[in-house]
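Okay, structure first, notes after.
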Amino acid sequence: MKSIEQLFSFKGKVIIITGAAGAIGGAAGHLFASLGANVVISDLNGEGAKKVAAEITAESGVEALGIQTNATVEAELDTLVQTTLEKFGKISGLINNVGWGAATPIWESDTDKMVKSYLLNTVGAYNLTKRCMPYLEKEPNASVVFSGSLVGVTPSPEFIEYSTAKAGLMNLVRSMAVVSGPKVRFNTVLIGSVDNGDSTLAAGYDPEMLRRLSEAFVMKRRGFPMEIAYGMMFLMSNAAEWITGIDLRIDGGGTYKSKMPKKD
Ligand SMILES: NC(=O)c1ccc[n+]([C@@H]2O[C@H](COP(=O)([O-])OP(=O)(O)OC[C@H]3O[C@@H](n4cnc5c(N)ncnc54)[C@H](O)[C@@H]3O)[C@@H](O)[C@H]2O)c1
């Protein structure tokens with residue numbers, strides 16, 4: 001039997017995290033570095049990425065790299081991979097965490113909005129993973145984790161672009177998983193509503209809507225970013241060596257509605 005230290009140590013690992021100047025990606029960066037990994041904090045917000053990387057290095061004593069990357073631009077993904085290899089010499093894990101989507105009622109979208117969402121939430125993850133594969137395949141227990149969303153598995157007509165793109169992402173992950181074993185594992189963290197500051201407000205919510213949303217969850221609150229990072233850590237760890245192609249749902253129990261109609 002492996003010790004907890006053997007199961008959850010990430011010493012010697014190099015993990016790229018996208019969208020890591022944000023709430024969940026940033027939490028994952030702090031967590032993996034605290035467990036010994038060199039993390040590459042990549043984000044469209046280059047200043048934010050560098051700031052998070054500097055905080056991680058100061059906190060953990062492990063070197064972290066902050067780099068500006070637009071996940072929808074292939075040349076920038078090339079630079080991300082090359083810079084990681086030059087700095088740390090390998091890629092042991094990847095967290096495709098970039099994603100966002102504004103509320104759009106189902107009949108108010110158009111080609112441009114649909115395609116942009118697909119590029120951001122789905123295609124960017126495909127393009128980066130493809131570039132990392134030759135290096136991941138050389139590493140023991142190599143693992144790729146994706147940030148999925150509950151809206152991608154439930155009818156979500158209020159978020160038609162984002163939910164459709166996230167649904168596509170999940171099938172992409174499953175396809176990657178079945179052809180990549182036993183060398184590389186692929187899993188999705190299926191995320192419920194997590195507090196990410198202004199980002200959800202910018203998507204179309206207001207504080208009162210978020211309060212009502214929290215009340216509807218079994219656990220009566222939104223999640224903390226670190227609660228998603230813990231799931232990512234499990235999926236990447238040696239405890240999950242036989243787990244690939246799954247969706248790990250972390251959503252505070254979701255919402256429950258009785259199947260029995262009320263009597264008058
Ligand atoms: N927070 C939630 O409630 C929730 C729920 C379900 C799924 N998710 C998913 O989890 C992931 C992380 O969400 P979060 O809550 O941390 O969001 P966040 O908004 O806090 O962070 C997202 C980060 O992605 C970056 N980003 C945006 N466009 C980019 C691009 N083109 N290239 C590179 N980086 C880009 C932003 O700068 C930001 O730092 C996303 O994929 C999101 O869809 C979040």
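Going through the structure tokens in order, the chains are called A, B, and so on, while each chain numbers its residues from 1 and the ligands are numbered from 1 in the order shown.
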Set out as JSON lines a contact list for chain A and ligand 1 with a cut-off of 9 Å, giving each residue of chain A that qualifies its closest atom pair and distance in Å to one decimal, counting only C-alpha atoms and all ligand atoms, ordered by chain and rising residue number.
```
{"residue": "A:Thr18", "atom": "CA", "partner": "ligand 1", "partner_atom_place_in_ligand_line": "34 (N)", "distance": 6.2}
{"residue": "A:Gly19", "atom": "CA", "partner": "ligand 1", "partner_atom_place_in_ligand_line": "24 (O)", "distance": 3.5}
{"residue": "A:Ala20", "atom": "CA", "partner": "ligand 1", "partner_atom_place_in_ligand_line": "39 (O)", "distance": 5.8}
{"residue": "A:Ala21", "atom": "CA", "partner": "ligand 1", "partner_atom_place_in_ligand_line": "39 (O)", "distance": 4.2}
{"residue": "A:Gly22", "atom": "CA", "partner": "ligand 1", "partner_atom_place_in_ligand_line": "21 (O)", "distance": 3.4}
{"residue": "A:Ala23", "atom": "CA", "partner": "ligand 1", "partner_atom_place_in_ligand_line": "16 (O)", "distance": 3.7}
{"residue": "A:Ile24", "atom": "CA", "partner": "ligand 1", "partner_atom_place_in_ligand_line": "16 (O)", "distance": 3.7}
{"residue": "A:Gly25", "atom": "CA", "partner": "ligand 1", "partner_atom_place_in_ligand_line": "16 (O)", "distance": 5.5}
{"residue": "A:Gly26", "atom": "CA", "partner": "ligand 1", "partner_atom_place_in_ligand_line": "16 (O)", "distance": 7.4}
{"residue": "A:Ala27", "atom": "CA", "partner": "ligand 1", "partner_atom_place_in_ligand_line": "16 (O)", "distance": 8.4}
{"residue": "A:Ser42", "atom": "CA", "partner": "ligand 1", "partner_atom_place_in_ligand_line": "33 (C)", "distance": 6.9}
{"residue": "A:Asp43", "atom": "CA", "partner": "ligand 1", "partner_atom_place_in_ligand_line": "34 (N)", "distance": 4.0}
{"residue": "A:Leu44", "atom": "CA", "partner": "ligand 1", "partner_atom_place_in_ligand_line": "33 (C)", "distance": 3.9}
{"residue": "A:Asn45", "atom": "CA", "partner": "ligand 1", "partner_atom_place_in_ligand_line": "37 (O)", "distance": 4.9}
{"residue": "A:Gly46", "atom": "CA", "partner": "ligand 1", "partner_atom_place_in_ligand_line": "37 (O)", "distance": 8.4}
{"residue": "A:Gly48", "atom": "CA", "partner": "ligand 1", "partner_atom_place_in_ligand_line": "39 (O)", "distance": 7.4}
{"residue": "A:Ala49", "atom": "CA", "partner": "ligand 1", "partner_atom_place_in_ligand_line": "39 (O)", "distance": 7.9}
{"residue": "A:Gln68", "atom": "CA", "partner": "ligand 1", "partner_atom_place_in_ligand_line": "33 (C)", "distance": 7.7}
{"residue": "A:Thr69", "atom": "CA", "partner": "ligand 1", "partner_atom_place_in_ligand_line": "33 (C)", "distance": 5.5}
{"residue": "A:Asn70", "atom": "CA", "partner": "ligand 1", "partner_atom_place_in_ligand_line": "32 (N)", "distance": 3.6}
{"residue": "A:Ala71", "atom": "CA", "partner": "ligand 1", "partner_atom_place_in_ligand_line": "32 (N)", "distance": 3.8}
{"residue": "A:Thr72", "atom": "CA", "partner": "ligand 1", "partner_atom_place_in_ligand_line": "31 (N)", "distance": 5.3}
{"residue": "A:Val73", "atom": "CA", "partner": "ligand 1", "partner_atom_place_in_ligand_line": "31 (N)", "distance": 7.8}
{"residue": "A:Asn96", "atom": "CA", "partner": "ligand 1", "partner_atom_place_in_ligand_line": "41 (O)", "distance": 7.6}
{"residue": "A:Asn97", "atom": "CA", "partner": "ligand 1", "partner_atom_place_in_ligand_line": "41 (O)", "distance": 4.7}
{"residue": "A:Val98", "atom": "CA", "partner": "ligand 1", "partner_atom_place_in_ligand_line": "41 (O)", "distance": 4.4}
{"residue": "A:Gly99", "atom": "CA", "partner": "ligand 1", "partner_atom_place_in_ligand_line": "41 (O)", "distance": 3.2}
{"residue": "A:Trp100", "atom": "CA", "partner": "ligand 1", "partner_atom_place_in_ligand_line": "43 (O)", "distance": 4.4}
{"residue": "A:Gly101", "atom": "CA", "partner": "ligand 1", "partner_atom_place_in_ligand_line": "43 (O)", "distance": 6.8}
{"residue": "A:Leu119", "atom": "CA", "partner": "ligand 1", "partner_atom_place_in_ligand_line": "31 (N)", "distance": 8.5}
{"residue": "A:Leu120", "atom": "CA", "partner": "ligand 1", "partner_atom_place_in_ligand_line": "31 (N)", "distance": 5.8}
{"residue": "A:Asn121", "atom": "CA", "partner": "ligand 1", "partner_atom_place_in_ligand_line": "41 (O)", "distance": 6.7}
{"residue": "A:Gly124", "atom": "CA", "partner": "ligand 1", "partner_atom_place_in_ligand_line": "31 (N)", "distance": 8.1}
{"residue": "A:Phe146", "atom": "CA", "partner": "ligand 1", "partner_atom_place_in_ligand_line": "41 (O)", "distance": 7.8}
{"residue": "A:Ser147", "atom": "CA", "partner": "ligand 1", "partner_atom_place_in_ligand_line": "41 (O)", "distance": 4.8}
{"residue": "A:Gly148", "atom": "CA", "partner": "ligand 1", "partner_atom_place_in_ligand_line": "7 (C)", "distance": 5.5}
{"residue": "A:Ser149", "atom": "CA", "partner": "ligand 1", "partner_atom_place_in_ligand_line": "6 (C)", "distance": 4.0}
{"residue": "A:Leu150", "atom": "CA", "partner": "ligand 1", "partner_atom_place_in_ligand_line": "6 (C)", "distance": 6.2}
{"residue": "A:Val151", "atom": "CA", "partner": "ligand 1", "partner_atom_place_in_ligand_line": "6 (C)", "distance": 7.4}
{"residue": "A:Gly152", "atom": "CA", "partner": "ligand 1", "partner_atom_place_in_ligand_line": "6 (C)", "distance": 8.9}
{"residue": "A:Tyr162", "atom": "CA", "partner": "ligand 1", "partner_atom_place_in_ligand_line": "43 (O)", "distance": 7.9}
{"residue": "A:Lys166", "atom": "CA", "partner": "ligand 1", "partner_atom_place_in_ligand_line": "43 (O)", "distance": 7.8}
{"residue": "A:Val189", "atom": "CA", "partner": "ligand 1", "partner_atom_place_in_ligand_line": "7 (C)", "distance": 8.6}
{"residue": "A:Leu190", "atom": "CA", "partner": "ligand 1", "partner_atom_place_in_ligand_line": "7 (C)", "distance": 7.0}
{"residue": "A:Ile191", "atom": "CA", "partner": "ligand 1", "partner_atom_place_in_ligand_line": "6 (C)", "distance": 4.3}
{"residue": "A:Gly192", "atom": "CA", "partner": "ligand 1", "partner_atom_place_in_ligand_line": "5 (C)", "distance": 4.9}
{"residue": "A:Ser193", "atom": "CA", "partner": "ligand 1", "partner_atom_place_in_ligand_line": "3 (O)", "distance": 3.5}
{"residue": "A:Val194", "atom": "CA", "partner": "ligand 1", "partner_atom_place_in_ligand_line": "3 (O)", "distance": 3.7}
{"residue": "A:Asp195", "atom": "CA", "partner": "ligand 1", "partner_atom_place_in_ligand_line": "1 (N)", "distance": 5.7}
{"residue": "A:Asn196", "atom": "CA", "partner": "ligand 1", "partner_atom_place_in_ligand_line": "15 (O)", "distance": 4.8}
{"residue": "A:Gly197", "atom": "CA", "partner": "ligand 1", "partner_atom_place_in_ligand_line": "20 (O)", "distance": 7.1}
{"residue": "A:Asp198", "atom": "CA", "partner": "ligand 1", "partner_atom_place_in_ligand_line": "19 (O)", "distance": 7.8}
{"residue": "A:Ser199", "atom": "CA", "partner": "ligand 1", "partner_atom_place_in_ligand_line": "19 (O)", "distance": 4.7}
{"residue": "A:Thr200", "atom": "CA", "partner": "ligand 1", "partner_atom_place_in_ligand_line": "1 (N)", "distance": 6.7}
{"residue": "A:Arg222", "atom": "CA", "partner": "ligand 1", "partner_atom_place_in_ligand_line": "3 (O)", "distance": 7.8}
{"residue": "A:Gly223", "atom": "CA", "partner": "ligand 1", "partner_atom_place_in_ligand_line": "3 (O)", "distance": 7.7}
{"residue": "A:Phe224", "atom": "CA", "partner": "ligand 1", "partner_atom_place_in_ligand_line": "1 (N)", "distance": 8.7}
{"residue": "A:Pro225", "atom": "CA", "partner": "ligand 1", "partner_atom_place_in_ligand_line": "16 (O)", "distance": 6.9}
{"residue": "A:Ile228", "atom": "CA", "partner": "ligand 1", "partner_atom_place_in_ligand_line": "10 (O)", "distance": 8.7}
{"residue": "A:Asp251", "atom": "CA", "partner": "ligand 1", "partner_atom_place_in_ligand_line": "5 (C)", "distance": 8.6}
```
Handout entry: Every residue of region 3-231 of chain A that DSSP places in helix (DSSP H, G or I), as number ranges by chain
Key = A: 4-8, 23-34, 46-60, 74-88, 106-108, 111-136, 150-152, 160-180, 198-202, 207-216, 225-231
Problem - DSSP-assigned strand (DSSP E or B) members of region 52-240 of chain A, reported as a PyMOL selection string - result: chain A and resi 65-68+93-96+104+142-149+159+184-191+194+217+223
Selection file, N, CA and C atoms, as a CSV table (one decimal), in the first residue's frame:
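result.csv written:
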```csv
chain,number,residue,atom,x,y,z
A,65,LEU,N,6.2,29.4,-12.9
A,65,LEU,CA,6.3,30.3,-14.1
A,65,LEU,C,5.0,31.0,-14.4
A,66,GLY,N,5.0,32.3,-14.6
A,66,GLY,CA,3.8,33.0,-15.0
A,66,GLY,C,3.9,33.4,-16.5
A,67,ILE,N,3.0,33.1,-17.3
A,67,ILE,CA,3.1,33.5,-18.7
A,67,ILE,C,1.8,33.9,-19.4
A,68,GLN,N,1.9,34.9,-20.2
A,68,GLN,CA,0.7,35.3,-20.9
A,68,GLN,C,0.4,34.4,-22.1
A,93,GLY,N,1.8,17.1,-16.5
A,93,GLY,CA,0.4,17.2,-16.3
A,93,GLY,C,-0.1,18.5,-16.9
A,94,LEU,N,-1.4,18.5,-17.3
A,94,LEU,CA,-2.0,19.7,-17.9
A,94,LEU,C,-3.4,19.9,-17.3
A,95,ILE,N,-3.7,21.1,-16.9
A,95,ILE,CA,-5.1,21.4,-16.5
A,95,ILE,C,-5.7,22.4,-17.5
A,96,ASN,N,-6.5,22.0,-18.4
A,96,ASN,CA,-7.2,22.8,-19.3
A,96,ASN,C,-8.4,23.5,-18.6
A,104,THR,N,-26.9,33.9,-22.5
A,104,THR,CA,-27.5,34.3,-23.8
A,104,THR,C,-28.8,33.4,-24.0
A,142,ALA,N,1.0,10.3,-16.3
A,142,ALA,CA,0.6,11.6,-16.9
A,142,ALA,C,-0.9,11.7,-17.0
A,143,SER,N,-1.3,13.0,-16.7
A,143,SER,CA,-2.7,13.2,-16.6
A,143,SER,C,-3.2,14.6,-17.1
A,144,VAL,N,-4.3,14.6,-17.7
A,144,VAL,CA,-4.9,15.9,-18.1
A,144,VAL,C,-6.3,16.0,-17.5
A,145,VAL,N,-6.5,17.2,-16.9
A,145,VAL,CA,-7.8,17.4,-16.3
A,145,VAL,C,-8.4,18.7,-17.0
A,146,PHE,N,-9.7,18.6,-17.1
A,146,PHE,CA,-10.5,19.7,-17.8
A,146,PHE,C,-11.5,20.3,-16.9
A,147,SER,N,-11.7,21.6,-17.0
A,147,SER,CA,-12.8,22.2,-16.2
A,147,SER,C,-14.1,22.2,-17.0
A,148,GLY,N,-14.9,21.2,-16.7
A,148,GLY,CA,-16.2,21.1,-17.3
A,148,GLY,C,-17.3,21.9,-16.4
A,149,SER,N,-18.5,21.9,-16.9
A,149,SER,CA,-19.5,22.7,-16.2
A,149,SER,C,-20.8,21.9,-16.2
A,159,PHE,N,-27.8,29.7,-21.3
A,159,PHE,CA,-26.3,29.8,-21.6
A,159,PHE,C,-26.0,29.0,-22.8
A,184,VAL,N,-1.6,8.1,-21.0
A,184,VAL,CA,-2.0,9.4,-20.4
A,184,VAL,C,-3.5,9.3,-20.0
A,185,ARG,N,-3.8,9.8,-18.9
A,185,ARG,CA,-5.2,9.8,-18.4
A,185,ARG,C,-5.9,11.1,-18.6
A,186,PHE,N,-7.2,11.0,-18.9
A,186,PHE,CA,-8.0,12.3,-19.2
A,186,PHE,C,-9.3,12.2,-18.3
A,187,ASN,N,-9.5,13.3,-17.6
A,187,ASN,CA,-10.7,13.4,-16.8
A,187,ASN,C,-11.2,14.8,-16.7
A,188,THR,N,-12.5,14.9,-16.4
A,188,THR,CA,-13.2,16.2,-16.3
A,188,THR,C,-13.6,16.4,-14.9
A,189,VAL,N,-13.4,17.6,-14.4
A,189,VAL,CA,-14.1,18.0,-13.1
A,189,VAL,C,-15.3,18.8,-13.5
A,190,LEU,N,-16.5,18.2,-13.1
A,190,LEU,CA,-17.8,18.8,-13.5
A,190,LEU,C,-18.2,19.8,-12.4
A,191,ILE,N,-18.1,21.1,-12.7
A,191,ILE,CA,-18.1,22.1,-11.7
A,191,ILE,C,-19.5,22.7,-11.6
A,194,VAL,N,-19.3,28.2,-8.4
A,194,VAL,CA,-18.1,28.5,-7.5
A,194,VAL,C,-17.9,30.0,-7.5
A,217,PHE,N,-29.0,25.0,-3.5
A,217,PHE,CA,-28.0,23.8,-3.5
A,217,PHE,C,-28.2,23.0,-2.2
A,223,GLY,N,-19.5,27.0,-4.2
A,223,GLY,CA,-18.2,26.4,-3.8
A,223,GLY,C,-17.1,27.4,-3.7
```
Problem - Coordinates-based distance that separates CA of Ile41 (chain A) from CA of Gly252 (chain A) (Å, one decimal) - result: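 CA of Gly252 (chain A) sits 26.9 Å away from CA of Ile41 (chain A).
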Practice task
Would you list the contacts of Val123 (chain A) as a list of chain:residue names, taking every protein, DNA or RNA residue within 10 Å and counting only C-alpha atoms, but skipping same-chain residues closer than 5 positions in sequence?
Solution key: A:Ala71, A:Thr72, A:Val115, A:Lys116, A:Ser117, A:Tyr118, A:Leu128, A:Thr129, A:Ala165, A:Gly168, A:Leu169, A:Leu172
Problem - Spatial neighbours of Phe10 (chain A), 7 Å, only C-alpha atoms, chain gap at least 6 places, as a list of chain:residue names - result: A:Phe32, A:Leu35, A:Gly36, A:Ala37
Handout entry: Computed interatomic separation between CA of Gly89 (chain A) and CA of Cys132 (chain A) (Å)
Key =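 Between CA of Gly89 (chain A) and CA of Cys132 (chain A) the gap works out to 12.4 Å.
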Practice task
Mind giving me the straight-line distance from CA of Arg174 (chain A) to CA of Gly245 (chain A) in Å, one decimal?
Solution key: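 The value is 5.0 Å.
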Exercise for the section: Choose the residue, out of A:Glu158, A:Leu248, A:Lys220, A:Ser9, that has the smallest atom-to-atom separation from Tyr205 (chain A); count only C-alpha atoms. Expected result: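 Of the candidates, the smallest distance to Tyr205 (chain A) is held by A:Glu158.
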Practice task
For each of A:Glu76, A:Glu208, A:Glu241, A:Glu161, take the minimum atom-to-atom distance to Thr122 (chain A), counting only C-alpha atoms, then give the residue where this is smallest.
Solution key: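 Closest residue, counting only C-alpha atoms: A:Glu161.
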Nearby residues (only C-alpha atoms) at most 8 Å from Val81 (chain A), same-chain spacing under 3 positions excluded, as a PDB file with N, CA, C and O atoms, in the first residue's frame:
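Wrote selection-v2.pdb, looks like this:
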```
ATOM      1  N   LEU A  77       0.022  29.052 -27.957  1.00  0.00           N
ATOM      2  CA  LEU A  77       0.092  27.732 -27.308  1.00  0.00           C
ATOM      3  C   LEU A  77       1.445  27.085 -27.583  1.00  0.00           C
ATOM      4  O   LEU A  77       2.028  26.440 -26.699  1.00  0.00           O
ATOM      5  N   ASP A  78       1.968  27.286 -28.796  1.00  0.00           N
ATOM      6  CA  ASP A  78       3.325  26.798 -29.110  1.00  0.00           C
ATOM      7  C   ASP A  78       4.334  27.422 -28.151  1.00  0.00           C
ATOM      8  O   ASP A  78       5.202  26.737 -27.612  1.00  0.00           O
ATOM      9  N   THR A  84       7.731  26.277 -21.370  1.00  0.00           N
ATOM     10  CA  THR A  84       7.684  25.299 -20.269  1.00  0.00           C
ATOM     11  C   THR A  84       8.843  24.316 -20.381  1.00  0.00           C
ATOM     12  O   THR A  84       9.540  24.019 -19.398  1.00  0.00           O
ATOM     13  N   LEU A  85       9.069  23.816 -21.595  1.00  0.00           N
ATOM     14  CA  LEU A  85      10.138  22.828 -21.792  1.00  0.00           C
ATOM     15  C   LEU A  85      11.506  23.460 -21.537  1.00  0.00           C
ATOM     16  O   LEU A  85      12.386  22.837 -20.921  1.00  0.00           O
ATOM     17  N   ARG A 131      -0.564  19.527 -28.432  1.00  0.00           N
ATOM     18  CA  ARG A 131       0.839  19.952 -28.386  1.00  0.00           C
ATOM     19  C   ARG A 131       1.589  19.335 -27.202  1.00  0.00           C
ATOM     20  O   ARG A 131       2.806  19.149 -27.268  1.00  0.00           O
ATOM     21  N   CYS A 132       0.866  19.062 -26.123  1.00  0.00           N
ATOM     22  CA  CYS A 132       1.529  18.516 -24.919  1.00  0.00           C
ATOM     23  C   CYS A 132       1.703  16.995 -24.997  1.00  0.00           C
ATOM     24  O   CYS A 132       2.544  16.427 -24.283  1.00  0.00           O
TER      25      CYS A 132
END
```
Problem - Long-range neighbours of Phe88 (chain A) as a VMD selection string, 10 Å cut-off, only C-alpha atoms, 5 positions minimum in chain - result: chain A and resid 12 to 15 38 to 40 63 to 65 82 to 83
Those selected residues, please, written with all heavy atoms and delivered as a compact mmCIF listing (two decimals), in the first residue's frame.
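So the final result, stored in part.txt, reads:
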```txt
# COMPACT_ATOMS: atom_id res chain seq x y z
N GLY A 12 8.73 16.94 -8.39
CA GLY A 12 9.33 16.53 -9.66
C GLY A 12 8.37 16.62 -10.83
O GLY A 12 8.75 16.36 -11.97
N LYS A 13 7.11 16.96 -10.56
CA LYS A 13 6.13 17.08 -11.66
C LYS A 13 6.11 18.52 -12.17
O LYS A 13 6.32 19.47 -11.40
CB LYS A 13 4.72 16.76 -11.16
CG LYS A 13 4.59 15.38 -10.53
CD LYS A 13 4.15 14.37 -11.55
CE LYS A 13 3.91 13.03 -10.91
NZ LYS A 13 3.79 11.95 -11.89
N VAL A 14 5.80 18.66 -13.45
CA VAL A 14 5.63 19.99 -14.06
C VAL A 14 4.22 20.04 -14.63
O VAL A 14 3.85 19.24 -15.49
CB VAL A 14 6.67 20.21 -15.19
CG1 VAL A 14 6.42 21.55 -15.87
CG2 VAL A 14 8.08 20.12 -14.63
N ILE A 15 3.42 20.97 -14.12
CA ILE A 15 2.00 21.01 -14.49
C ILE A 15 1.65 22.37 -15.07
O ILE A 15 1.85 23.41 -14.43
CB ILE A 15 1.12 20.71 -13.25
CG1 ILE A 15 1.47 19.33 -12.68
CG2 ILE A 15 -0.37 20.79 -13.62
CD1 ILE A 15 0.77 18.97 -11.40
N ASN A 38 6.26 21.97 -9.89
CA ASN A 38 6.52 23.23 -10.60
C ASN A 38 5.29 23.50 -11.45
O ASN A 38 4.93 22.68 -12.29
CB ASN A 38 7.74 23.10 -11.52
CG ASN A 38 9.03 22.98 -10.75
OD1 ASN A 38 9.69 21.94 -10.78
ND2 ASN A 38 9.39 24.03 -10.04
N VAL A 39 4.65 24.65 -11.22
CA VAL A 39 3.44 24.94 -11.98
C VAL A 39 3.70 26.07 -12.97
O VAL A 39 4.45 27.00 -12.69
CB VAL A 39 2.24 25.30 -11.06
CG1 VAL A 39 1.72 24.06 -10.35
CG2 VAL A 39 2.57 26.39 -10.06
N VAL A 40 3.06 25.94 -14.13
CA VAL A 40 3.13 27.00 -15.14
C VAL A 40 1.76 27.66 -15.15
O VAL A 40 0.75 27.05 -15.49
CB VAL A 40 3.48 26.41 -16.52
CG1 VAL A 40 3.51 27.53 -17.57
CG2 VAL A 40 4.83 25.70 -16.46
N GLU A 63 9.64 26.69 -7.62
CA GLU A 63 9.61 27.66 -8.71
C GLU A 63 8.35 27.53 -9.57
O GLU A 63 7.99 26.43 -10.01
CB GLU A 63 10.85 27.51 -9.60
CG GLU A 63 11.10 28.76 -10.39
CD GLU A 63 12.44 28.72 -11.12
OE1 GLU A 63 13.16 27.71 -11.03
OE2 GLU A 63 12.76 29.73 -11.77
N ALA A 64 7.67 28.66 -9.78
CA ALA A 64 6.49 28.69 -10.65
C ALA A 64 6.75 29.70 -11.75
O ALA A 64 7.46 30.69 -11.55
CB ALA A 64 5.26 29.10 -9.85
N LEU A 65 6.15 29.45 -12.92
CA LEU A 65 6.34 30.35 -14.06
C LEU A 65 5.01 30.98 -14.43
O LEU A 65 4.01 30.27 -14.59
CB LEU A 65 6.88 29.52 -15.24
CG LEU A 65 7.00 30.22 -16.59
CD1 LEU A 65 8.12 31.25 -16.55
CD2 LEU A 65 7.27 29.19 -17.69
N GLN A 82 6.80 25.51 -25.50
CA GLN A 82 8.26 25.66 -25.63
C GLN A 82 8.87 26.31 -24.40
O GLN A 82 9.91 25.88 -23.91
CB GLN A 82 8.61 26.49 -26.89
CG GLN A 82 8.52 25.71 -28.19
CD GLN A 82 9.09 24.29 -28.08
OE1 GLN A 82 10.20 24.09 -27.59
NE2 GLN A 82 8.32 23.29 -28.51
N THR A 83 8.21 27.34 -23.88
CA THR A 83 8.74 28.03 -22.69
C THR A 83 8.76 27.09 -21.48
O THR A 83 9.71 27.08 -20.70
CB THR A 83 7.89 29.28 -22.38
OG1 THR A 83 7.73 30.04 -23.57
CG2 THR A 83 8.53 30.15 -21.32
```
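Within the 9 Å cut-off around Asn238 (chain A), using only C-alpha atoms and omitting residues fewer than 3 positions from it on the same chain, the listed residues are Lys2, Gln6, Leu7, Phe8, Ser9, Asn141, Phe234, Leu235, Glu241 and Trp242 of chain A.
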Emit the selected residues as an mmCIF file, in the first residue's frame, including N, CA and C atoms.
```cif
data_model
loop_
_atom_site.group_PDB
_atom_site.id
_atom_site.type_symbol
_atom_site.label_atom_id
_atom_site.label_comp_id
_atom_site.auth_asym_id
_atom_site.auth_seq_id
_atom_site.Cartn_x
_atom_site.Cartn_y
_atom_site.Cartn_z
ATOM 1 N N LYS A 2 0.504 2.244 -0.805
ATOM 2 C CA LYS A 2 1.280 3.482 -0.848
ATOM 3 C C LYS A 2 0.883 4.385 0.325
ATOM 4 N N GLN A 6 3.176 9.265 -0.702
ATOM 5 C CA GLN A 6 3.439 8.732 -2.056
ATOM 6 C C GLN A 6 2.261 9.001 -2.993
ATOM 7 N N LEU A 7 1.055 8.947 -2.434
ATOM 8 C CA LEU A 7 -0.135 9.133 -3.270
ATOM 9 C C LEU A 7 -0.310 10.581 -3.711
ATOM 10 N N PHE A 8 0.005 11.497 -2.816
ATOM 11 C CA PHE A 8 -0.329 12.898 -3.102
ATOM 12 C C PHE A 8 0.877 13.833 -3.172
ATOM 13 N N SER A 9 2.068 13.260 -3.355
ATOM 14 C CA SER A 9 3.218 14.132 -3.601
ATOM 15 C C SER A 9 3.309 14.414 -5.101
ATOM 16 N N ASN A 141 2.347 8.181 -15.024
ATOM 17 C CA ASN A 141 1.035 8.638 -14.537
ATOM 18 C C ASN A 141 0.677 10.029 -15.066
ATOM 19 N N PHE A 234 -6.928 15.111 -6.808
ATOM 20 C CA PHE A 234 -7.204 13.678 -6.734
ATOM 21 C C PHE A 234 -7.042 13.030 -8.110
ATOM 22 N N LEU A 235 -7.647 13.650 -9.121
ATOM 23 C CA LEU A 235 -7.614 13.047 -10.464
ATOM 24 C C LEU A 235 -6.195 12.969 -11.030
ATOM 25 N N GLU A 241 -4.536 6.416 -10.365
ATOM 26 C CA GLU A 241 -3.805 5.829 -11.507
ATOM 27 C C GLU A 241 -4.684 4.966 -12.419
ATOM 28 N N TRP A 242 -5.802 4.460 -11.884
ATOM 29 C CA TRP A 242 -6.674 3.592 -12.703
ATOM 30 C C TRP A 242 -7.948 4.322 -13.127
#
```
